[in-house]
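This is input.cif (mmCIF, C-alpha atoms).
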```cif
data_structure
#
loop_
_atom_site.group_PDB
_atom_site.id
_atom_site.type_symbol
_atom_site.label_atom_id
_atom_site.label_comp_id
_atom_site.auth_asym_id
_atom_site.auth_seq_id
_atom_site.Cartn_x
_atom_site.Cartn_y
_atom_site.Cartn_z
ATOM 1 C CA MET A 169 -26.769 -7.427 -13.024
ATOM 2 C CA LEU A 170 -26.059 -4.871 -10.320
ATOM 3 C CA ASN A 171 -25.196 -7.678 -7.906
ATOM 4 C CA ALA A 172 -22.750 -9.197 -10.398
ATOM 5 C CA ALA A 173 -21.099 -5.794 -10.898
ATOM 6 C CA ILE A 174 -20.814 -5.292 -7.123
ATOM 7 C CA VAL A 175 -19.209 -8.732 -6.707
ATOM 8 C CA PHE A 176 -16.780 -7.966 -9.567
ATOM 9 C CA ALA A 177 -15.823 -4.626 -8.013
ATOM 10 C CA PHE A 178 -15.357 -6.261 -4.584
ATOM 11 C CA ALA A 179 -13.014 -8.846 -6.161
ATOM 12 C CA CYS A 180 -11.036 -6.112 -7.970
ATOM 13 C CA ILE A 181 -10.612 -4.002 -4.828
ATOM 14 C CA ALA A 182 -9.629 -7.034 -2.743
ATOM 15 C CA ALA A 183 -6.968 -8.043 -5.281
ATOM 16 C CA ALA A 184 -5.745 -4.418 -5.364
ATOM 17 C CA LEU A 185 -5.447 -4.366 -1.549
ATOM 18 C CA LEU A 186 -3.446 -7.628 -1.625
ATOM 19 C CA LEU A 187 -1.063 -6.180 -4.244
ATOM 20 C CA ASN A 188 -0.650 -3.016 -2.140
ATOM 21 C CA PHE A 189 0.072 -5.112 0.945
ATOM 22 C CA TRP A 190 2.711 -7.046 -0.976
ATOM 23 C CA ARG A 191 4.384 -3.769 -1.968
ATOM 24 C CA LEU A 192 4.116 -2.550 1.642
ATOM 25 C CA LEU A 193 5.965 -5.625 2.891
ATOM 26 C CA ARG A 194 8.545 -5.757 0.097
ATOM 27 C CA GLY A 195 9.077 -2.157 -1.060
ATOM 28 C CA PRO A 196 12.829 -1.527 -1.083
ATOM 29 C CA THR A 197 12.727 2.078 0.150
ATOM 30 C CA THR A 198 10.681 3.992 2.710
ATOM 31 C CA PRO A 199 8.851 6.182 0.112
ATOM 32 C CA ASP A 200 7.673 2.945 -1.520
ATOM 33 C CA ARG A 201 6.037 1.920 1.733
ATOM 34 C CA ILE A 202 4.468 5.371 2.175
ATOM 35 C CA LEU A 203 3.071 5.114 -1.367
ATOM 36 C CA ALA A 204 1.695 1.630 -0.647
ATOM 37 C CA LEU A 205 -0.065 2.911 2.505
ATOM 38 C CA ASP A 206 -1.441 5.897 0.550
ATOM 39 C CA THR A 207 -2.896 3.564 -2.096
ATOM 40 C CA MET A 208 -4.262 1.260 0.596
ATOM 41 C CA TYR A 209 -6.350 3.989 2.200
ATOM 42 C CA ILE A 210 -7.700 5.080 -1.176
ATOM 43 C CA ASN A 211 -8.729 1.479 -1.891
ATOM 44 C CA THR A 212 -10.291 1.237 1.556
ATOM 45 C CA ILE A 213 -12.499 4.241 0.716
ATOM 46 C CA ALA A 214 -13.651 2.414 -2.428
ATOM 47 C CA LEU A 215 -14.351 -0.715 -0.363
ATOM 48 C CA LEU A 216 -16.439 1.238 2.163
ATOM 49 C CA VAL A 217 -18.494 2.949 -0.552
ATOM 50 C CA LEU A 218 -19.084 -0.401 -2.266
ATOM 51 C CA PHE A 219 -20.228 -1.857 1.054
ATOM 52 C CA GLY A 220 -22.652 1.068 1.405
ATOM 53 C CA ILE A 221 -24.118 0.340 -2.050
ATOM 54 C CA HIS A 222 -24.320 -3.377 -1.253
ATOM 55 C CA LEU A 223 -26.152 -2.905 2.056
ATOM 56 C CA ASP A 224 -28.163 0.117 0.809
ATOM 57 C CA LEU A 225 -26.994 2.200 3.791
ATOM 58 C CA THR A 226 -25.807 5.815 3.681
ATOM 59 C CA ALA A 227 -23.988 5.727 7.024
ATOM 60 C CA PHE A 228 -20.635 4.801 5.469
ATOM 61 C CA PHE A 229 -19.929 8.132 3.777
ATOM 62 C CA GLU A 230 -18.905 9.924 6.944
ATOM 63 C CA ALA A 231 -16.426 7.105 7.591
ATOM 64 C CA ALA A 232 -15.135 7.379 4.004
ATOM 65 C CA LEU A 233 -14.685 11.146 4.355
ATOM 66 C CA LEU A 234 -12.860 10.741 7.680
ATOM 67 C CA ILE A 235 -10.544 8.084 6.210
ATOM 68 C CA ALA A 236 -9.789 10.374 3.243
ATOM 69 C CA MET A 237 -8.821 13.311 5.481
ATOM 70 C CA MET A 238 -6.857 11.297 8.056
ATOM 71 C CA GLY A 239 -5.037 9.317 5.365
ATOM 72 C CA PHE A 240 -3.910 12.501 3.621
ATOM 73 C CA VAL A 241 -2.694 13.986 6.905
ATOM 74 C CA GLY A 242 -0.806 10.753 7.639
ATOM 75 C CA THR A 243 0.904 10.728 4.236
ATOM 76 C CA VAL A 244 1.932 14.378 4.583
ATOM 77 C CA ALA A 245 3.260 13.770 8.106
ATOM 78 C CA LEU A 246 5.356 10.752 7.016
ATOM 79 C CA CYS A 247 6.790 12.629 4.025
ATOM 80 C CA LYS A 248 7.581 15.702 6.150
ATOM 81 C CA TYR A 249 9.366 13.458 8.626
ATOM 82 C CA LEU A 250 11.501 11.987 5.841
ATOM 83 C CA LEU A 251 12.190 15.400 4.320
ATOM 84 C CA ARG A 252 12.982 17.456 7.415
ATOM 85 C CA GLY A 253 13.569 14.951 10.227
ATOM 86 C CA ASP A 254 10.719 16.583 12.146
ATOM 87 C CA ILE A 255 6.971 16.962 11.647
ATOM 88 C CA ILE A 256 6.104 20.275 13.335
ATOM 89 C CA GLU A 257 9.038 22.649 13.347
ATOM 90 C CA MET B 1439 -31.566 1.338 -17.514
ATOM 91 C CA LEU B 1440 -30.199 3.117 -14.454
ATOM 92 C CA ASP B 1441 -29.044 -0.212 -13.016
ATOM 93 C CA THR B 1442 -27.042 -0.804 -16.196
ATOM 94 C CA LEU B 1443 -25.374 2.600 -15.844
ATOM 95 C CA ILE B 1444 -24.543 1.970 -12.177
ATOM 96 C CA ALA B 1445 -23.131 -1.468 -13.031
ATOM 97 C CA LEU B 1446 -21.044 0.060 -15.836
ATOM 98 C CA PHE B 1447 -19.549 2.674 -13.485
ATOM 99 C CA LEU B 1448 -18.852 0.004 -10.850
ATOM 100 C CA VAL B 1449 -17.029 -2.225 -13.353
ATOM 101 C CA ILE B 1450 -15.009 0.711 -14.734
ATOM 102 C CA GLY B 1451 -14.087 1.871 -11.228
ATOM 103 C CA GLY B 1452 -13.058 -1.571 -9.993
ATOM 104 C CA ALA B 1453 -11.005 -2.269 -13.119
ATOM 105 C CA PHE B 1454 -9.145 1.060 -12.872
ATOM 106 C CA ALA B 1455 -8.403 0.554 -9.165
ATOM 107 C CA LEU B 1456 -7.003 -2.902 -9.936
ATOM 108 C CA ILE B 1457 -4.911 -1.554 -12.851
ATOM 109 C CA GLY B 1458 -3.399 1.128 -10.618
ATOM 110 C CA SER B 1459 -2.459 -1.396 -7.965
ATOM 111 C CA ILE B 1460 -0.956 -3.764 -10.546
ATOM 112 C CA GLY B 1461 1.157 -0.810 -11.676
ATOM 113 C CA LEU B 1462 2.217 -0.203 -8.066
ATOM 114 C CA ALA B 1463 3.257 -3.840 -7.693
ATOM 115 C CA ARG B 1464 4.913 -4.454 -11.070
ATOM 116 C CA LEU B 1465 6.710 -1.297 -12.250
ATOM 117 C CA PRO B 1466 10.464 -1.275 -11.622
ATOM 118 C CA ASP B 1467 11.194 2.166 -10.077
ATOM 119 C CA LEU B 1468 9.527 4.422 -7.479
ATOM 120 C CA PHE B 1469 9.100 7.323 -9.908
ATOM 121 C CA MET B 1470 7.311 4.984 -12.328
ATOM 122 C CA ARG B 1471 5.318 3.402 -9.517
ATOM 123 C CA LEU B 1472 3.978 6.843 -8.533
ATOM 124 C CA HIS B 1473 1.984 6.966 -11.782
ATOM 125 C CA GLY B 1474 -0.207 3.945 -11.066
ATOM 126 C CA PRO B 1475 -1.833 4.880 -7.748
ATOM 127 C CA THR B 1476 -2.006 8.639 -8.258
ATOM 128 C CA LYS B 1477 -3.832 8.478 -11.598
ATOM 129 C CA ALA B 1478 -5.499 5.118 -12.172
ATOM 130 C CA THR B 1479 -6.562 4.407 -8.588
ATOM 131 C CA THR B 1480 -7.955 7.921 -8.092
ATOM 132 C CA LEU B 1481 -9.986 7.513 -11.291
ATOM 133 C CA GLY B 1482 -11.225 4.107 -10.110
ATOM 134 C CA VAL B 1483 -12.420 5.492 -6.776
ATOM 135 C CA GLY B 1484 -14.049 8.363 -8.692
ATOM 136 C CA GLY B 1485 -15.986 5.861 -10.817
ATOM 137 C CA ILE B 1486 -17.208 3.924 -7.793
ATOM 138 C CA LEU B 1487 -18.280 7.155 -6.068
ATOM 139 C CA ILE B 1488 -20.218 8.246 -9.179
ATOM 140 C CA ALA B 1489 -21.984 4.855 -9.131
ATOM 141 C CA SER B 1490 -22.832 5.514 -5.470
ATOM 142 C CA VAL B 1491 -24.248 8.979 -6.303
ATOM 143 C CA LEU B 1492 -26.465 7.427 -9.012
ATOM 144 C CA HIS B 1493 -27.585 4.575 -6.766
ATOM 145 C CA PHE B 1494 -28.573 6.709 -3.787
ATOM 146 C CA SER B 1495 -30.178 9.377 -6.005
ATOM 147 C CA SER B 1496 -32.444 6.713 -7.567
ATOM 148 C CA ARG B 1497 -33.912 5.612 -4.240
ATOM 149 C CA GLY B 1498 -36.362 8.507 -4.111
ATOM 150 C CA ASP B 1499 -34.912 10.522 -1.212
ATOM 151 C CA GLY B 1500 -33.856 13.324 -3.546
ATOM 152 C CA LEU B 1501 -30.458 14.041 -5.023
ATOM 153 C CA SER B 1502 -27.589 12.588 -3.010
ATOM 154 C CA LEU B 1503 -24.452 14.601 -3.644
ATOM 155 C CA HIS B 1504 -22.327 14.290 -0.527
ATOM 156 C CA GLU B 1505 -20.245 11.500 -2.080
ATOM 157 C CA LEU B 1506 -18.896 14.154 -4.430
ATOM 158 C CA LEU B 1507 -17.135 15.696 -1.407
ATOM 159 C CA VAL B 1508 -14.983 12.566 -1.091
ATOM 160 C CA THR B 1509 -14.251 12.598 -4.843
ATOM 161 C CA LEU B 1510 -13.311 16.286 -4.784
ATOM 162 C CA PHE B 1511 -11.074 15.817 -1.741
ATOM 163 C CA LEU B 1512 -9.294 12.829 -3.327
ATOM 164 C CA PHE B 1513 -8.775 14.642 -6.630
ATOM 165 C CA ILE B 1514 -7.270 17.614 -4.783
ATOM 166 C CA THR B 1515 -5.013 15.642 -2.425
ATOM 167 C CA ALA B 1516 -3.657 12.898 -4.735
ATOM 168 C CA PRO B 1517 -1.212 15.191 -6.633
ATOM 169 C CA ILE B 1518 -0.046 16.805 -3.381
ATOM 170 C CA SER B 1519 0.815 13.467 -1.774
ATOM 171 C CA ALA B 1520 2.518 12.269 -4.984
ATOM 172 C CA TYR B 1521 4.609 15.453 -5.047
ATOM 173 C CA LEU B 1522 5.609 15.025 -1.404
ATOM 174 C CA ILE B 1523 6.552 11.337 -1.908
ATOM 175 C CA ALA B 1524 8.686 12.239 -4.937
ATOM 176 C CA ARG B 1525 10.361 15.034 -2.925
ATOM 177 C CA ALA B 1526 11.089 12.588 -0.081
ATOM 178 C CA MET B 1527 12.636 10.072 -2.503
ATOM 179 C CA LEU B 1528 14.806 12.782 -4.119
ATOM 180 C CA HIS B 1529 15.896 13.889 -0.649
ATOM 181 C CA LEU B 1530 16.830 10.324 0.323
ATOM 182 C CA ARG B 1531 18.866 9.903 -2.870
ATOM 183 C CA GLY B 1532 20.604 13.227 -2.213
ATOM 184 C CA ASP B 1533 19.526 14.823 -5.493
ATOM 185 C CA ASP B 1534 18.005 17.992 -4.009
ATOM 186 C CA LYS B 1535 21.286 19.499 -2.776
ATOM 187 C CA PRO B 1536 22.147 22.750 -4.594
#
```
Any chance you could give the structure as structure tokens?
Amino acid sequence: MLNAAIVFAFACIAAALLLNFWRLLRGPTTPDRILALDTMYINTIALLVLFGIHLDLTAFFEAALLIAMMGFVGTVALCKYLLRGDIIE
Amino acid sequence: MLDTLIALFLVIGGAFALIGSIGLARLPDLFMRLHGPTKATTLGVGGILIASVLHFSSRGDGLSLHELLVTLFLFITAPISAYLIARAMLHLRGDDKP
């Protein structure tokens, strides 16, 4: 039962990543693409944690935490660049 | 019993992440599209992380709570990034001029 649930969650996250990638390629404006990248890193965190449950390894959480922090910094930097034309003033 | 609970949280988390991304792909406008990822996807990742906490706590190595750090960080940063993306879109449209 747990294996079936893990496979279902893997399929859901993979479909979600494909939809995000479609929006990243298509998205009419730049904020759309930033939003698609933001959602992609959140889904990648879910994928890593699922992989940790599947393999019964705890080593993936540091990677998930690093992706969370770096993704947030990247989103803020891109938005600041759009807003002010510069990242560090 | 615990396996059932973990499977339930995994299914809920995966379904919510998929619903958020469908919203990102299908809704017509950026300000509507912001709702999908910032609420549904964050909740989906929260569900999967809770399943991970339960799974690694049931292995016998004691309580495993460091996944909650990721959940807490995501729940704090998702509204901030949504606010900044909305500000950037308003700036590009020229609506934030006084």
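Of note, CA of Ile1460 (chain B) and CA of Ala1526 (chain B) are spaced 22.8 Å apart.
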* What's the 12 Å shell around Leu1510 (chain B), counting all atoms listed in the file, without same-chain residues fewer than 3 positions away, as an MDAnalysis selection string? -> (chainID A and resid 233 236:237) or (chainID B and resid 1480:1481 1483:1484 1487:1488 1503:1507 1513:1516)
* Have a look at B:Ala1489, B:Met1439, B:Leu1456, B:Leu1528 and name the one nearest to chain A; count all atoms listed in the file. =>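 Using all atoms listed in the file, the shortest distance to chain A belongs to B:Leu1456.
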* Asked: Once the PyMOL selection byres ((chain A and resi 169) around 12) has been applied to the shown file, what residues remain in the selection, as a PyMOL selection string?
  -> (chain A and resi 170-176) or (chain B and resi 1439-1446+1448-1449)
Could you please take those selected residues and save C-alpha atoms as a PDB file, in the frame of the given file?
```pdb
ATOM      1  CA  LEU A 170     -26.059  -4.871 -10.320  1.00  0.00           C
ATOM      2  CA  ASN A 171     -25.196  -7.678  -7.906  1.00  0.00           C
ATOM      3  CA  ALA A 172     -22.750  -9.197 -10.398  1.00  0.00           C
ATOM      4  CA  ALA A 173     -21.099  -5.794 -10.898  1.00  0.00           C
ATOM      5  CA  ILE A 174     -20.814  -5.292  -7.123  1.00  0.00           C
ATOM      6  CA  VAL A 175     -19.209  -8.732  -6.707  1.00  0.00           C
ATOM      7  CA  PHE A 176     -16.780  -7.966  -9.567  1.00  0.00           C
TER       8      PHE A 176
ATOM      9  CA  MET B1439     -31.566   1.338 -17.514  1.00  0.00           C
ATOM     10  CA  LEU B1440     -30.199   3.117 -14.454  1.00  0.00           C
ATOM     11  CA  ASP B1441     -29.044  -0.212 -13.016  1.00  0.00           C
ATOM     12  CA  THR B1442     -27.042  -0.804 -16.196  1.00  0.00           C
ATOM     13  CA  LEU B1443     -25.374   2.600 -15.844  1.00  0.00           C
ATOM     14  CA  ILE B1444     -24.543   1.970 -12.177  1.00  0.00           C
ATOM     15  CA  ALA B1445     -23.131  -1.468 -13.031  1.00  0.00           C
ATOM     16  CA  LEU B1446     -21.044   0.060 -15.836  1.00  0.00           C
ATOM     17  CA  LEU B1448     -18.852   0.004 -10.850  1.00  0.00           C
ATOM     18  CA  VAL B1449     -17.029  -2.225 -13.353  1.00  0.00           C
TER      19      VAL B1449
END
```
* To do: Expand the PyMOL selection byres ((chain A and resi 213) around 12) into the individual residues it matches in the shown file, reporting them as a ChimeraX atom specification.
  => /A:181,185,206-212,214-220,228-239 /B:1455,1479-1480,1482-1484,1486-1487,1505,1508-1509,1511-1512
* Pick from B:Ser1495, B:Ile1523, B:Leu1465, B:Phe1454 nearest to Leu203 (chain A), counting only C-alpha atoms -> B:Ile1523
* Residues at most 10 Å from Arg1471 (chain B), counting only C-alpha atoms, excluding those fewer than 4 positions away in the same chain, as a list in words? ->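 Skipping anything fewer than 4 positions along the chain leaves Asp200, Leu203 and Ala204 of chain A; Gly1458, Ser1459, Ile1460, Gly1461, Leu1462, Ala1463, Arg1464, Leu1465, Pro1466, Asp1467, Pro1475 and Thr1476 of chain B.
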Edge lengths and centre in Å, axis-aligned, region 1453-1470 of chain B plus 8 Å each side, as JSON:
```
{"center_x": 0.1, "center_y": 1.4, "center_z": -10.3, "size_x": 38.2, "size_y": 27.8, "size_z": 21.6}
```
* **Atomic separation - CA of His1529 (chain B) relative to CA of Gly1474 (chain B), Å** => 21.6 Å
* On this file, the PyMOL selection byres ((chain A and resi 194-199) around 8) gives some set of residues; write that set as number ranges by chain. => A: 190-193, 200-203, 247; B: 1468, 1523-1524, 1526-1527
Grab the residues selected above and save them as a tab-separated table (two decimals), in the frame of the given file with C-alpha atoms.
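Resulting contents of out-v7.tsv:
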```
chain	number	residue	atom	x	y	z
A	190	TRP	CA	2.71	-7.05	-0.98
A	191	ARG	CA	4.38	-3.77	-1.97
A	192	LEU	CA	4.12	-2.55	1.64
A	193	LEU	CA	5.96	-5.62	2.89
A	200	ASP	CA	7.67	2.94	-1.52
A	201	ARG	CA	6.04	1.92	1.73
A	202	ILE	CA	4.47	5.37	2.17
A	203	LEU	CA	3.07	5.11	-1.37
A	247	CYS	CA	6.79	12.63	4.03
B	1468	LEU	CA	9.53	4.42	-7.48
B	1523	ILE	CA	6.55	11.34	-1.91
B	1524	ALA	CA	8.69	12.24	-4.94
B	1526	ALA	CA	11.09	12.59	-0.08
B	1527	MET	CA	12.64	10.07	-2.50
```
* Asked: Smallest atom-to-atom distance to chain A: which of B:Pro1517, B:Gly1452, B:Gly1498, B:Gly1485, using only C-alpha atoms?
  ->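 Using only C-alpha atoms, chain A sits closest to B:Gly1452.
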* Taking into account only C-alpha atoms, which residue in the set A:Ala227, A:Leu246, A:Ala184, A:Gly253 is nearest to chain B? ->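 Of A:Ala227, A:Leu246, A:Ala184, A:Gly253, the one nearest chain B is A:Ala184, counting only C-alpha atoms.
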* Asked: Can you tell me how far CA of Leu251 (chain A) sits from CA of Lys1477 (chain B), in Å to one decimal?
  -> 23.6 Å
